[in-house]
Structure formats: structure tokens, C-alpha cells
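See below for the structure under consideration.
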Amino acid sequence: MKRFFSIILTILLLTTALSACAQKEITDGTYTVEVTLSGGSGRASVESPCPVVIADGKPTATIRWGSPFYEYMMVGETRYDPIQEEGNSTFEIPVVFDEDMAVSASTVAMSQPHLVDYVLRFDSKTLKGE
């Protein structure tokens, strides 16, 4: 009977410890995080890891595409214009960690502009402070 209670106690302690680690609080600051991109033609890319600034508990990522041909991005109903004047298209967008984020980006790499749907995913386990 002692052994049974010992096993149950060990399981409870491990569960509590793992739960506390999984729910680590992310404080305001500057970080980098791994981001994955899917969707579109499969030829597009974004730089990873990407910079993330958390202010007032709200994370904003700087997304740099592997191409200079993106005119704007859409996150939900909100349009985001590029923040750079030269080089690959770069945007600052609000992000959600550990969930698939549907975004669209307008590209002029083809004969006429096209709004292409993508999915971004930001992995909080890779979040590193700077």
C-alpha cells in the first residue's frame, strides 16, 4: 500500500512540474522564435528564427520573406504594409504562439498581383531572449 501511494505521489509531482514548465510566463522584451511557413505554391519562405517583441503582453513578429515581391500582408481583416524600402519584403504582424495562424500576402512576382494564403506557426518552445 505504501508503494501504491508513493507511485501516485510521484505521478502527481511530475504532472505538477510539467504543467508549470508548459505554462511559463513570457514577459515583455525582445526575443527570437522559430517560425514555419506552409501553404502557397510551396516555393515561398520566411526567415527563421524571426525577431519578436512583446509589449504589454502582446507579441509582434518581424516577418522577412525570401522575396522582395510582397506588397502587403493580411492577418484577419487587417492589412500590414512593408516596413522596409529595399531588400526582401518585411512586415511587423501580431502573432499567436503554438497555433496555426492563417495569413495572406499579395505578391507581384507573377504577371499580375495575387493574394496567396499561407499558414505561419510560431513555436514558443524555441523562444529565446536577446
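Identifiers for the C-alpha cells are assigned positionally: chains receive A, B, ... in sequence, residues are indexed from 1 per chain, and ligands are indexed from 1 in the order shown.
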- Message: Which residues are near segment 70-75 of chain A? Cut-off 12 Å, only C-alpha atoms, ignore same chain within fewer than 3 positions. Put them as a PyMOL selection string.
- Response: chain A and resi 44-46+63-67+78-96+101-110+112-120
Those selected residues, please, written with C-alpha atoms and delivered as a PDB file, in the first residue's frame.
```
ATOM      1  CA  ALA A  44       7.866  30.833 -50.601  1.00  0.00           C
ATOM      2  CA  SER A  45       9.964  31.131 -47.469  1.00  0.00           C
ATOM      3  CA  VAL A  46      10.353  33.299 -44.382  1.00  0.00           C
ATOM      4  CA  ILE A  63       8.494  38.546 -40.810  1.00  0.00           C
ATOM      5  CA  ARG A  64      11.112  38.730 -43.580  1.00  0.00           C
ATOM      6  CA  TRP A  65      10.096  36.900 -46.735  1.00  0.00           C
ATOM      7  CA  GLY A  66      12.625  35.230 -49.030  1.00  0.00           C
ATOM      8  CA  SER A  67      11.495  37.593 -51.800  1.00  0.00           C
ATOM      9  CA  THR A  78      -6.127  43.915 -41.037  1.00  0.00           C
ATOM     10  CA  ARG A  79      -3.681  44.929 -43.746  1.00  0.00           C
ATOM     11  CA  TYR A  80       0.033  45.314 -42.958  1.00  0.00           C
ATOM     12  CA  ASP A  81       2.356  47.195 -45.294  1.00  0.00           C
ATOM     13  CA  PRO A  82       6.104  46.503 -45.565  1.00  0.00           C
ATOM     14  CA  ILE A  83       8.422  48.242 -43.114  1.00  0.00           C
ATOM     15  CA  GLN A  84      11.459  48.220 -45.445  1.00  0.00           C
ATOM     16  CA  GLU A  85      12.247  50.153 -48.610  1.00  0.00           C
ATOM     17  CA  GLU A  86      14.857  47.813 -50.108  1.00  0.00           C
ATOM     18  CA  GLY A  87      15.589  44.102 -49.954  1.00  0.00           C
ATOM     19  CA  ASN A  88      13.220  41.286 -49.129  1.00  0.00           C
ATOM     20  CA  SER A  89       9.687  42.181 -48.063  1.00  0.00           C
ATOM     21  CA  THR A  90       9.496  42.658 -44.295  1.00  0.00           C
ATOM     22  CA  PHE A  91       6.395  43.104 -42.130  1.00  0.00           C
ATOM     23  CA  GLU A  92       5.563  43.532 -38.463  1.00  0.00           C
ATOM     24  CA  ILE A  93       2.481  41.498 -37.553  1.00  0.00           C
ATOM     25  CA  PRO A  94       0.800  40.402 -34.319  1.00  0.00           C
ATOM     26  CA  VAL A  95       1.308  36.727 -33.573  1.00  0.00           C
ATOM     27  CA  VAL A  96      -0.103  33.854 -31.552  1.00  0.00           C
ATOM     28  CA  MET A 101      -2.048  31.409 -37.985  1.00  0.00           C
ATOM     29  CA  ALA A 102      -3.783  31.994 -41.304  1.00  0.00           C
ATOM     30  CA  VAL A 103      -2.288  34.935 -43.203  1.00  0.00           C
ATOM     31  CA  SER A 104      -2.397  36.152 -46.789  1.00  0.00           C
ATOM     32  CA  ALA A 105       0.249  38.012 -48.732  1.00  0.00           C
ATOM     33  CA  SER A 106      -0.066  39.898 -52.002  1.00  0.00           C
ATOM     34  CA  THR A 107       2.755  39.067 -54.387  1.00  0.00           C
ATOM     35  CA  VAL A 108       3.670  40.767 -57.641  1.00  0.00           C
ATOM     36  CA  ALA A 109       6.153  38.054 -58.645  1.00  0.00           C
ATOM     37  CA  MET A 110       3.684  36.782 -61.255  1.00  0.00           C
ATOM     38  CA  GLN A 112      -0.260  40.397 -62.004  1.00  0.00           C
ATOM     39  CA  PRO A 113      -0.735  40.706 -58.225  1.00  0.00           C
ATOM     40  CA  HIS A 114      -2.090  37.630 -56.415  1.00  0.00           C
ATOM     41  CA  LEU A 115      -3.240  37.308 -52.818  1.00  0.00           C
ATOM     42  CA  VAL A 116      -1.819  33.979 -51.614  1.00  0.00           C
ATOM     43  CA  ASP A 117      -2.941  32.144 -48.462  1.00  0.00           C
ATOM     44  CA  TYR A 118      -0.303  30.841 -46.037  1.00  0.00           C
ATOM     45  CA  VAL A 119      -0.099  29.442 -42.524  1.00  0.00           C
ATOM     46  CA  LEU A 120       2.522  30.622 -40.035  1.00  0.00           C
TER      47      LEU A 120
END
```
- Query: Where does DSSP see alpha helix (DSSP H) in chain A, if you list the residues as a PyMOL selection string?
  - Reply: chain A and resi 2-22
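Excluding Ala55 of chain A itself and same-chain residues fewer than 2 positions from it, the residues having an atom within 9 Å of it are Thr27, Asp28, Gly29, Thr30, Val53, Gly57, Lys58, Pro59 and Thr60 of chain A, counting only C-alpha atoms.
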- Message: Among chain A, which residues does DSSP mark as strand (DSSP E) when it is run on the backbone? Keep the chain and numbering as in the structure and answer as a VMD selection string.
- Response: chain A and resid 29 to 39 50 to 55 58 to 64 70 to 75 78 to 80 90 to 94 101 to 107 114 to 129
